[in-house]
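Source file coords_35.pdb; content: PDB, C-alpha atoms and all ligand atoms.
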```pdb
ATOM      1  CA  MET A   1      83.343 106.774-191.459
ATOM      2  CA  SER A   2      79.847 107.267-190.122
ATOM      3  CA  ALA A   3      79.056 107.258-186.414
ATOM      4  CA  ALA A   4      77.298 103.915-186.845
ATOM      5  CA  ARG A   5      80.705 102.288-187.308
ATOM      6  CA  GLY A   6      82.305 103.913-184.309
ATOM      7  CA  PRO A   7      82.906 102.115-180.998
ATOM      8  CA  GLY A   8      80.251 104.303-179.394
ATOM      9  CA  ASN A   9      77.651 102.161-181.105
ATOM     10  CA  ALA A  10      79.114  98.867-179.919
ATOM     11  CA  LEU A  11      77.060  96.848-177.454
ATOM     12  CA  LEU A  12      80.019  94.563-176.843
ATOM     13  CA  GLU A  13      83.574  95.589-177.500
ATOM     14  CA  LEU A  14      86.593  93.291-177.330
ATOM     15  CA  GLN A  15      90.088  94.742-177.291
ATOM     16  CA  GLY A  16      93.176  92.592-177.696
ATOM     17  CA  LEU A  17      91.737  89.535-175.960
ATOM     18  CA  ALA A  18      94.453  86.959-175.388
ATOM     19  CA  LYS A  19      94.147  83.500-173.861
ATOM     20  CA  HIS A  20      96.889  80.885-173.865
ATOM     21  CA  PHE A  21      96.688  77.206-173.010
ATOM     22  CA  GLY A  22     100.285  76.183-172.471
ATOM     23  CA  GLY A  23     102.015  77.091-175.700
ATOM     24  CA  VAL A  24      98.782  77.498-177.676
ATOM     25  CA  ALA A  25      97.481  81.021-178.231
ATOM     26  CA  ALA A  26      93.759  80.127-178.393
ATOM     27  CA  THR A  27      92.824  83.782-178.816
ATOM     28  CA  ASP A  28      95.719  85.929-179.885
ATOM     29  CA  GLY A  29      94.775  89.585-179.479
ATOM     30  CA  VAL A  30      91.158  89.569-180.646
ATOM     31  CA  SER A  31      89.528  92.962-181.168
ATOM     32  CA  LEU A  32      85.917  92.917-182.276
ATOM     33  CA  ALA A  33      82.741  94.935-181.821
ATOM     34  CA  VAL A  34      79.190  93.627-181.724
ATOM     35  CA  ARG A  35      76.691  96.340-182.572
ATOM     36  CA  ALA A  36      73.278  96.574-180.976
ATOM     37  CA  GLY A  37      70.598  94.860-183.057
ATOM     38  CA  GLU A  38      72.837  92.870-185.358
ATOM     39  CA  ILE A  39      73.447  89.177-185.859
ATOM     40  CA  LEU A  40      77.216  88.824-185.971
ATOM     41  CA  ALA A  41      78.470  85.409-187.039
ATOM     42  CA  LEU A  42      81.878  84.218-185.883
ATOM     43  CA  ILE A  43      83.269  81.498-188.113
ATOM     44  CA  GLY A  44      86.582  79.708-188.405
ATOM     45  CA  PRO A  45      88.114  76.219-188.643
ATOM     46  CA  ASN A  46      88.062  73.720-185.764
ATOM     47  CA  GLY A  47      90.363  74.851-182.992
ATOM     48  CA  ALA A  48      90.414  78.480-184.216
ATOM     49  CA  GLY A  49      89.493  79.724-180.734
ATOM     50  CA  LYS A  50      85.775  80.513-181.174
ATOM     51  CA  THR A  51      84.567  78.717-178.048
ATOM     52  CA  THR A  52      87.506  80.108-176.068
ATOM     53  CA  LEU A  53      86.461  83.599-177.167
ATOM     54  CA  VAL A  54      82.801  83.021-176.235
ATOM     55  CA  ALA A  55      83.893  81.658-172.830
ATOM     56  CA  GLN A  56      85.837  84.851-172.153
ATOM     57  CA  ILE A  57      82.819  86.952-173.109
ATOM     58  CA  SER A  58      80.471  84.970-170.864
ATOM     59  CA  GLY A  59      82.994  84.989-168.014
ATOM     60  CA  LEU A  60      83.746  81.265-167.832
ATOM     61  CA  LEU A  61      87.363  81.930-168.813
ATOM     62  CA  ARG A  62      89.482  84.827-167.689
ATOM     63  CA  PRO A  63      91.581  86.442-170.433
ATOM     64  CA  ASP A  64      95.354  86.649-169.978
ATOM     65  CA  ASP A  65      95.245  90.074-171.524
ATOM     66  CA  GLY A  66      92.825  92.501-173.143
ATOM     67  CA  LEU A  67      89.548  94.199-172.365
ATOM     68  CA  ILE A  68      85.840  93.380-172.611
ATOM     69  CA  ARG A  69      83.343  96.225-172.555
ATOM     70  CA  PHE A  70      79.591  95.769-172.434
ATOM     71  CA  GLU A  71      77.546  98.923-172.975
ATOM     72  CA  GLY A  72      80.727 100.833-172.292
ATOM     73  CA  ALA A  73      81.369  99.210-168.881
ATOM     74  CA  ASP A  74      84.523  97.180-168.303
ATOM     75  CA  ILE A  75      83.365  93.615-167.525
ATOM     76  CA  THR A  76      86.722  91.906-168.177
ATOM     77  CA  ARG A  77      86.783  90.525-164.642
ATOM     78  CA  ALA A  78      83.071  90.510-163.809
ATOM     79  CA  ALA A  79      81.548  87.260-162.515
ATOM     80  CA  VAL A  80      79.277  85.207-164.778
ATOM     81  CA  HIS A  81      76.095  86.049-162.818
ATOM     82  CA  MET A  82      76.927  89.767-162.989
ATOM     83  CA  ARG A  83      77.212  89.533-166.773
ATOM     84  CA  VAL A  84      73.869  87.728-166.937
ATOM     85  CA  ARG A  85      72.338  90.480-164.832
ATOM     86  CA  LEU A  86      73.774  93.096-167.210
ATOM     87  CA  GLY A  87      72.128  91.330-170.134
ATOM     88  CA  LEU A  88      74.575  88.754-171.470
ATOM     89  CA  ALA A  89      73.098  85.301-172.036
ATOM     90  CA  ARG A  90      74.802  82.183-173.265
ATOM     91  CA  ALA A  91      72.969  79.142-174.522
ATOM     92  CA  PHE A  92      73.959  75.548-175.192
ATOM     93  CA  GLN A  93      77.263  74.826-173.545
ATOM     94  CA  ILE A  94      75.935  74.608-170.038
ATOM     95  CA  THR A  95      72.791  72.576-170.293
ATOM     96  CA  SER A  96      70.305  74.401-168.225
ATOM     97  CA  ILE A  97      67.223  72.268-168.844
ATOM     98  CA  PHE A  98      65.546  70.449-165.945
ATOM     99  CA  ARG A  99      64.690  67.279-167.791
ATOM    100  CA  GLY A 100      61.991  66.095-165.389
ATOM    101  CA  PHE A 101      60.041  69.359-165.582
ATOM    102  CA  THR A 102      57.658  70.526-168.272
ATOM    103  CA  VAL A 103      58.592  73.115-170.894
ATOM    104  CA  LEU A 104      56.490  75.717-169.083
ATOM    105  CA  GLU A 105      57.961  74.892-165.662
ATOM    106  CA  ASN A 106      61.476  75.238-167.065
ATOM    107  CA  LEU A 107      60.676  78.637-168.551
ATOM    108  CA  ALA A 108      58.849  79.816-165.421
ATOM    109  CA  LEU A 109      61.936  78.913-163.354
ATOM    110  CA  ALA A 110      64.142  80.923-165.708
ATOM    111  CA  VAL A 111      61.810  83.928-165.476
ATOM    112  CA  GLN A 112      61.798  83.588-161.685
ATOM    113  CA  ALA A 113      65.585  83.321-161.523
ATOM    114  CA  ARG A 114      65.830  86.553-163.476
ATOM    115  CA  SER A 115      63.305  88.470-161.441
ATOM    116  CA  GLY A 116      64.937  87.265-158.233
ATOM    117  CA  THR A 117      61.750  85.821-156.734
ATOM    118  CA  SER A 118      62.729  82.725-154.830
ATOM    119  CA  LEU A 119      60.696  79.567-154.893
ATOM    120  CA  SER A 120      58.012  79.814-152.266
ATOM    121  CA  PHE A 121      54.875  77.926-151.346
ATOM    122  CA  TRP A 122      52.868  81.070-151.122
ATOM    123  CA  ARG A 123      52.583  83.486-153.987
ATOM    124  CA  PRO A 124      49.777  85.901-154.774
ATOM    125  CA  ALA A 125      47.586  84.487-157.534
ATOM    126  CA  ALA A 126      48.123  87.563-159.718
ATOM    127  CA  SER A 127      51.909  87.231-159.817
ATOM    128  CA  GLU A 128      51.595  83.468-160.396
ATOM    129  CA  ALA A 129      49.400  84.197-163.418
ATOM    130  CA  ALA A 130      51.863  86.806-164.693
ATOM    131  CA  LEU A 131      54.698  84.298-164.343
ATOM    132  CA  GLN A 132      52.769  81.668-166.322
ATOM    133  CA  ASP A 133      51.922  84.245-169.003
ATOM    134  CA  GLU A 134      55.527  85.230-169.355
ATOM    135  CA  ALA A 135      56.654  81.593-169.504
ATOM    136  CA  ARG A 136      54.081  80.992-172.250
ATOM    137  CA  HIS A 137      55.421  84.016-174.116
ATOM    138  CA  TYR A 138      58.929  82.494-174.180
ATOM    139  CA  ALA A 139      57.543  79.110-175.197
ATOM    140  CA  ARG A 140      55.971  80.848-178.210
ATOM    141  CA  LEU A 141      59.176  82.723-179.035
ATOM    142  CA  ALA A 142      61.129  79.471-178.881
ATOM    143  CA  GLY A 143      58.689  77.853-181.303
ATOM    144  CA  LEU A 144      57.290  75.554-178.602
ATOM    145  CA  ALA A 145      53.689  76.765-178.465
ATOM    146  CA  GLY A 146      51.529  73.680-177.958
ATOM    147  CA  SER A 147      54.358  71.827-176.194
ATOM    148  CA  GLU A 148      54.125  73.695-172.888
ATOM    149  CA  THR A 149      52.987  70.720-170.840
ATOM    150  CA  ARG A 150      55.424  68.231-172.331
ATOM    151  CA  ILE A 151      58.252  66.936-170.136
ATOM    152  CA  ALA A 152      61.491  68.583-171.284
ATOM    153  CA  GLY A 153      63.461  65.334-171.187
ATOM    154  CA  ALA A 154      61.005  63.787-173.648
ATOM    155  CA  LEU A 155      61.416  66.523-176.275
ATOM    156  CA  ALA A 156      63.278  65.776-179.489
ATOM    157  CA  HIS A 157      66.904  66.972-179.572
ATOM    158  CA  GLY A 158      66.051  69.985-181.748
ATOM    159  CA  GLU A 159      63.159  70.970-179.463
ATOM    160  CA  GLN A 160      65.458  70.807-176.431
ATOM    161  CA  ARG A 161      67.817  73.204-178.175
ATOM    162  CA  GLN A 162      64.870  75.503-178.917
ATOM    163  CA  LEU A 163      63.983  75.358-175.224
ATOM    164  CA  GLU A 164      67.569  76.293-174.347
ATOM    165  CA  VAL A 165      67.227  79.389-176.535
ATOM    166  CA  GLY A 166      63.926  80.116-174.764
ATOM    167  CA  LEU A 167      65.652  79.809-171.383
ATOM    168  CA  ALA A 168      68.317  82.261-172.518
ATOM    169  CA  LEU A 169      65.610  84.674-173.747
ATOM    170  CA  ALA A 170      63.824  84.461-170.395
ATOM    171  CA  THR A 171      66.766  86.328-168.860
ATOM    172  CA  ARG A 172      65.759  89.248-171.158
ATOM    173  CA  PRO A 173      69.238  89.482-172.638
ATOM    174  CA  LYS A 174      70.647  92.375-174.603
ATOM    175  CA  LEU A 175      73.118  89.967-176.195
ATOM    176  CA  VAL A 176      72.708  86.230-176.779
ATOM    177  CA  LEU A 177      75.790  84.071-177.340
ATOM    178  CA  LEU A 178      75.029  80.996-179.432
ATOM    179  CA  ASP A 179      77.847  78.473-179.819
ATOM    180  CA  GLU A 180      76.939  76.021-182.603
ATOM    181  CA  PRO A 181      73.154  75.967-182.226
ATOM    182  CA  MET A 182      72.820  73.712-185.321
ATOM    183  CA  ALA A 183      75.268  71.067-184.094
ATOM    184  CA  GLY A 184      73.695  67.625-184.205
ATOM    185  CA  LEU A 185      70.412  68.827-185.712
ATOM    186  CA  GLY A 186      68.736  67.194-188.696
ATOM    187  CA  PRO A 187      67.713  69.294-191.731
ATOM    188  CA  GLU A 188      64.187  70.022-190.458
ATOM    189  CA  GLU A 189      65.407  70.857-186.975
ATOM    190  CA  SER A 190      68.096  73.113-188.444
ATOM    191  CA  ALA A 191      65.510  74.934-190.545
ATOM    192  CA  ARG A 192      63.435  75.522-187.412
ATOM    193  CA  MET A 193      66.483  76.783-185.498
ATOM    194  CA  ILE A 194      67.352  79.188-188.337
ATOM    195  CA  GLU A 195      63.793  80.513-188.205
ATOM    196  CA  LEU A 196      64.052  80.921-184.434
ATOM    197  CA  ILE A 197      67.362  82.816-184.629
ATOM    198  CA  GLU A 198      65.930  84.960-187.433
ATOM    199  CA  SER A 199      63.023  85.862-185.138
ATOM    200  CA  LEU A 200      65.496  87.038-182.469
ATOM    201  CA  ARG A 201      66.558  89.860-184.759
ATOM    202  CA  THR A 202      63.772  92.094-183.466
ATOM    203  CA  GLN A 203      64.236  91.036-179.815
ATOM    204  CA  THR A 204      67.951  91.153-179.092
ATOM    205  CA  THR A 205      71.510  91.118-180.452
ATOM    206  CA  VAL A 206      73.141  87.819-181.388
ATOM    207  CA  LEU A 207      76.723  86.561-181.557
ATOM    208  CA  LEU A 208      76.460  83.319-183.507
ATOM    209  CA  VAL A 209      79.272  80.766-183.711
ATOM    210  CA  GLU A 210      78.383  78.239-186.390
ATOM    211  CA  HIS A 211      79.956  75.819-188.873
ATOM    212  CA  ASP A 212      76.786  75.529-190.979
ATOM    213  CA  MET A 213      77.574  78.028-193.741
ATOM    214  CA  ASP A 214      74.010  78.004-195.108
ATOM    215  CA  ALA A 215      72.785  79.168-191.719
ATOM    216  CA  VAL A 216      75.604  81.712-191.383
ATOM    217  CA  PHE A 217      75.046  83.301-194.775
ATOM    218  CA  ARG A 218      71.274  83.362-194.296
ATOM    219  CA  LEU A 219      71.350  84.928-190.848
ATOM    220  CA  ALA A 220      74.405  87.119-190.474
ATOM    221  CA  ASP A 221      74.454  90.877-190.930
ATOM    222  CA  ARG A 222      78.198  90.680-190.557
ATOM    223  CA  ILE A 223      80.728  87.857-190.383
ATOM    224  CA  ALA A 224      83.998  87.784-188.464
ATOM    225  CA  VAL A 225      86.524  85.100-189.351
ATOM    226  CA  LEU A 226      88.825  83.685-186.690
ATOM    227  CA  VAL A 227      91.866  81.655-187.738
ATOM    228  CA  ARG A 228      94.448  80.438-185.207
ATOM    229  CA  GLY A 229      93.231  82.885-182.593
ATOM    230  CA  ARG A 230      93.236  85.940-184.853
ATOM    231  CA  ILE A 231      90.465  87.784-186.672
ATOM    232  CA  ILE A 232      91.493  87.732-190.338
ATOM    233  CA  ALA A 233      88.338  89.365-191.707
ATOM    234  CA  ASP A 234      85.264  91.176-190.426
ATOM    235  CA  ASP A 235      82.774  92.331-193.029
ATOM    236  CA  VAL A 236      79.343  91.941-194.625
ATOM    237  CA  PRO A 237      78.560  88.422-195.963
ATOM    238  CA  ALA A 238      79.062  89.316-199.634
ATOM    239  CA  ALA A 239      82.555  90.657-198.907
ATOM    240  CA  ILE A 240      83.441  87.584-196.811
ATOM    241  CA  ARG A 241      82.317  85.282-199.620
ATOM    242  CA  ALA A 242      84.737  87.047-201.969
ATOM    243  CA  HIS A 243      87.607  87.400-199.478
ATOM    244  CA  THR A 244      90.613  85.501-200.844
ATOM    245  CA  GLU A 245      92.293  84.885-197.529
ATOM    246  CA  VAL A 246      89.036  83.603-195.997
ATOM    247  CA  ILE A 247      88.405  81.306-198.924
ATOM    248  CA  ARG A 248      91.907  79.928-198.600
ATOM    249  CA  ALA A 249      91.794  79.590-194.812
ATOM    250  CA  TYR A 250      88.277  78.345-194.390
ATOM    251  CA  LEU A 251      85.581  78.482-197.016
ATOM    252  CA  GLY A 252      87.755  76.709-199.581
ATOM    253  CA  GLU A 253      88.550  73.975-197.121
ATOM    254  CA  GLU A 254      84.829  73.665-196.277
ATOM    255  CA  ALA A 255      83.922  73.536-199.940
ATOM    256  CA  ALA A 256      86.593  70.910-200.565
ATOM    257  CA  SER A 257      85.427  68.680-197.696
TER
HETATM  258  N1  LIG B   1      90.684  74.015-171.624
HETATM  259  C1  LIG B   1      91.635  73.912-172.553
HETATM  260  N2  LIG B   1      92.864  73.447-172.250
HETATM  261  C2  LIG B   1      93.828  73.369-173.194
HETATM  262  N3  LIG B   1      93.677  73.734-174.484
HETATM  263  C3  LIG B   1      92.473  74.195-174.842
HETATM  264  C4  LIG B   1      91.384  74.303-173.912
HETATM  265  N4  LIG B   1      90.311  74.817-174.568
HETATM  266  C5  LIG B   1      90.695  74.994-175.841
HETATM  267  N5  LIG B   1      91.984  74.629-176.017
HETATM  268  C6  LIG B   1      92.755  74.740-177.281
HETATM  269  O1  LIG B   1      92.597  76.074-177.738
HETATM  270  C7  LIG B   1      92.404  76.101-179.150
HETATM  271  C8  LIG B   1      91.062  76.740-179.483
HETATM  272  O2  LIG B   1      90.004  75.856-179.090
HETATM  273  P1  LIG B   1      88.471  76.249-179.208
HETATM  274  O3  LIG B   1      87.698  75.167-178.576
HETATM  275  O4  LIG B   1      88.266  77.608-178.683
HETATM  276  O5  LIG B   1      88.257  76.248-180.781
HETATM  277  P2  LIG B   1      86.909  76.384-181.628
HETATM  278  O6  LIG B   1      87.154  77.419-182.651
HETATM  279  O7  LIG B   1      85.751  76.550-180.725
HETATM  280  O8  LIG B   1      86.827  74.954-182.344
HETATM  281  P3  LIG B   1      85.533  74.105-182.812
HETATM  282  O9  LIG B   1      85.072  74.716-184.100
HETATM  283  O10 LIG B   1      86.084  72.729-183.032
HETATM  284  O11 LIG B   1      84.514  74.165-181.719
HETATM  285  C9  LIG B   1      92.557  74.653-179.613
HETATM  286  O12 LIG B   1      93.886  74.461-179.988
HETATM  287  C10 LIG B   1      92.208  73.864-178.377
HETATM  288  O13 LIG B   1      92.831  72.610-178.399
HETATM  289 MG    MG B   2      83.972  75.453-180.367
END
```
How does this structure look as structure tokens?
Ligand SMILES: Nc1ncnc2c1ncn2[C@@H]1O[C@H](COP(=O)(O)OP(=O)(O)OP(=O)(O)O)[C@@H](O)[C@H]1O
Ligand SMILES: [Mg+2]
Amino acid sequence: MSAARGPGNALLELQGLAKHFGGVAATDGVSLAVRAGEILALIGPNGAGKTTLVAQISGLLRPDDGLIRFEGADITRAAVHMRVRLGLARAFQITSIFRGFTVLENLALAVQARSGTSLSFWRPAASEAALQDEARHYARLAGLAGSETRIAGALAHGEQRQLEVGLALATRPKLVLLDEPMAGLGPEESARMIELIESLRTQTTVLLVEHDMDAVFRLADRIAVLVRGRIIADDVPAAIRAHTEVIRAYLGEEAAS
């Protein structure tokens, strides 16, 4: 096929990733490519291995077997902070918000952590202003313009999740891993989160794990389906919708529930 489908174009490439918990093969030889600029949704029933896969990508779990390449470099055994430095950001599962700080302070800390400037009492006024500007920029991206001075702990649940996306963006990631960003959100909050993820399309690449099929089919350029630790389909949304095995394994069950 065309070069665009080749592995050379993959930002993230997984080859035969295997992770067992006792007798359970949580990921059972997963091979998958995430291409630069796309929103790839990873769907599958509860317990399919989605979170286990994301944890191996972010470095929280070490695979038993297989390979992870990011921009061509083997990161299978790289530490979490190294992956973050290379441009891999994960939101939601580790709550990174400082609840007693304002939205802007949280974002400024994330920008600072990225740029490696340590907290200090003395900072030239110019760099302080640049830091505030950048923090404001991420507040806007996260849909929190106007809420900069609010205390993070007092934000609504959906706004806190938006802030978590903002914190991930402040690391200037090449790839953002989102594991169930809609979980626990009401309809209005979900709509706002969909809009936010949609706006990431021009900023970065997204691997989205989500059970909300409306969100998945609205956002995804491509959908990979994981069932019992194996990818059973990987295609454009229209093809996934029509895929018999997927319907039987997942969409049918969702529709029936
Ligand atoms: N730390 C662990 N120790 C033992 N078993 C685990 C552990 N983490 C996950 N598992 C098992 O591995 C399998 C995959 O779990 P995982 O959480 O990755 O699924 P998931 O697709 O994210 O599910 P969900 O949609 O419910 O979030 C399940 O059988 C789960 O019970
Ligand atoms: Mg999960």
Compare A:Ala183, A:Ile75, A:Val84, A:Ala129 by their minimum atom-to-atom distance to ligand MG 2 (chain B), counting all atoms listed in the file, and give me the closest one.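 Smallest separation from ligand MG 2 (chain B) among the options: A:Ala183.
All polymer residues at most 8 Å from (57.8, 89.6, -165.3), using only C-alpha atoms, appear as Val111, Ser115, Ala130, Leu131 and Glu134 of chain A.
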Atom pair atom CA of Gly49 of chain A / atom CA of His20 of chain A: separation (Å):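 Between atom CA of Gly49 of chain A and atom CA of His20 of chain A the gap is 10.2 Å.
Residues matching the PyMOL selection byres (((chain A and resi 110) around 10) and not hetatm) in this structure come to A:Ser96, A:Ile97, A:Leu104, A:Glu105, A:Asn106, A:Leu107, A:Ala108, A:Leu109, A:Val111, A:Gln112, A:Ala113, A:Arg114, A:Ser115, A:Gly116, A:Ala135, A:Gly166, A:Leu167, A:Ala168, A:Leu169, A:Ala170, A:Thr171.
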Using all atoms listed in the file, which residues have at least one atom no more than 9 Å from ligand MG 2 (chain B)? Output them as a count of residues only. 12
When the cut-off is 12 Å and you count all atoms listed in the file, which residues lie near ligand LIG 1 (chain B), shown as number ranges by chain? A: 18-28, 42-56, 60-62, 93, 178-181, 183, 208-212, 225-231, 250
Figure out the distance between atom CA of Gly186 of chain A and atom CA of Glu198 of chain A, please, to one decimal in Å.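 Taking atom CA of Glu198 of chain A as the start and atom CA of Gly186 of chain A as the end point, the length is 18.0 Å.
Across A:Ile57, A:Ala156, A:Ala91, A:Ile39, the tightest approach to Thr204 of chain A is made by A:Ile39 when counting all atoms listed in the file.
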Extract segment 130-148 of chain A from the coordinates I pasted, and write it as a short mmCIF file (atom, residue, chain, number, x, y, z; two decimals), in the first residue's frame (atoms kept: N, CA and C atoms).
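Below is the file out_4.cif, written as the result:
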```cif
data_model
loop_
_atom_site.label_atom_id
_atom_site.label_comp_id
_atom_site.auth_asym_id
_atom_site.auth_seq_id
_atom_site.Cartn_x
_atom_site.Cartn_y
_atom_site.Cartn_z
N ALA A 130 6.46 35.17 31.03
CA ALA A 130 6.35 34.17 29.97
C ALA A 130 5.69 32.90 30.50
N LEU A 131 6.05 32.55 31.73
CA LEU A 131 5.47 31.36 32.37
C LEU A 131 3.96 31.52 32.55
N GLN A 132 3.55 32.71 33.03
CA GLN A 132 2.13 32.99 33.23
C GLN A 132 1.38 32.96 31.89
N ASP A 133 2.01 33.53 30.86
CA ASP A 133 1.40 33.55 29.53
C ASP A 133 1.17 32.14 29.03
N GLU A 134 2.19 31.31 29.22
CA GLU A 134 2.08 29.94 28.73
C GLU A 134 1.01 29.19 29.52
N ALA A 135 0.97 29.39 30.82
CA ALA A 135 -0.05 28.75 31.66
C ALA A 135 -1.45 29.17 31.19
N ARG A 136 -1.61 30.46 30.90
CA ARG A 136 -2.89 30.95 30.39
C ARG A 136 -3.27 30.30 29.06
N HIS A 137 -2.26 30.10 28.22
CA HIS A 137 -2.46 29.45 26.93
C HIS A 137 -3.06 28.04 27.14
N TYR A 138 -2.52 27.28 28.08
CA TYR A 138 -3.03 25.93 28.33
C TYR A 138 -4.40 25.95 29.00
N ALA A 139 -4.65 26.98 29.81
CA ALA A 139 -5.98 27.13 30.39
C ALA A 139 -7.01 27.31 29.28
N ARG A 140 -6.65 28.13 28.28
CA ARG A 140 -7.55 28.35 27.13
C ARG A 140 -7.76 27.07 26.37
N LEU A 141 -6.66 26.36 26.06
CA LEU A 141 -6.76 25.10 25.32
C LEU A 141 -7.67 24.10 26.04
N ALA A 142 -7.56 24.08 27.37
CA ALA A 142 -8.34 23.13 28.16
C ALA A 142 -9.77 23.58 28.36
N GLY A 143 -10.12 24.72 27.78
CA GLY A 143 -11.49 25.23 27.91
C GLY A 143 -11.75 25.86 29.27
N LEU A 144 -10.69 26.34 29.92
CA LEU A 144 -10.83 26.91 31.27
C LEU A 144 -10.49 28.39 31.32
N ALA A 145 -10.59 29.07 30.16
CA ALA A 145 -10.40 30.52 30.16
C ALA A 145 -11.46 31.13 31.06
N GLY A 146 -11.08 32.06 31.89
CA GLY A 146 -12.03 32.67 32.82
C GLY A 146 -12.03 31.98 34.19
N SER A 147 -11.45 30.77 34.24
CA SER A 147 -11.40 30.05 35.52
C SER A 147 -9.99 29.99 36.09
N GLU A 148 -9.10 30.81 35.55
CA GLU A 148 -7.67 30.71 35.93
C GLU A 148 -7.43 30.89 37.41
#
```
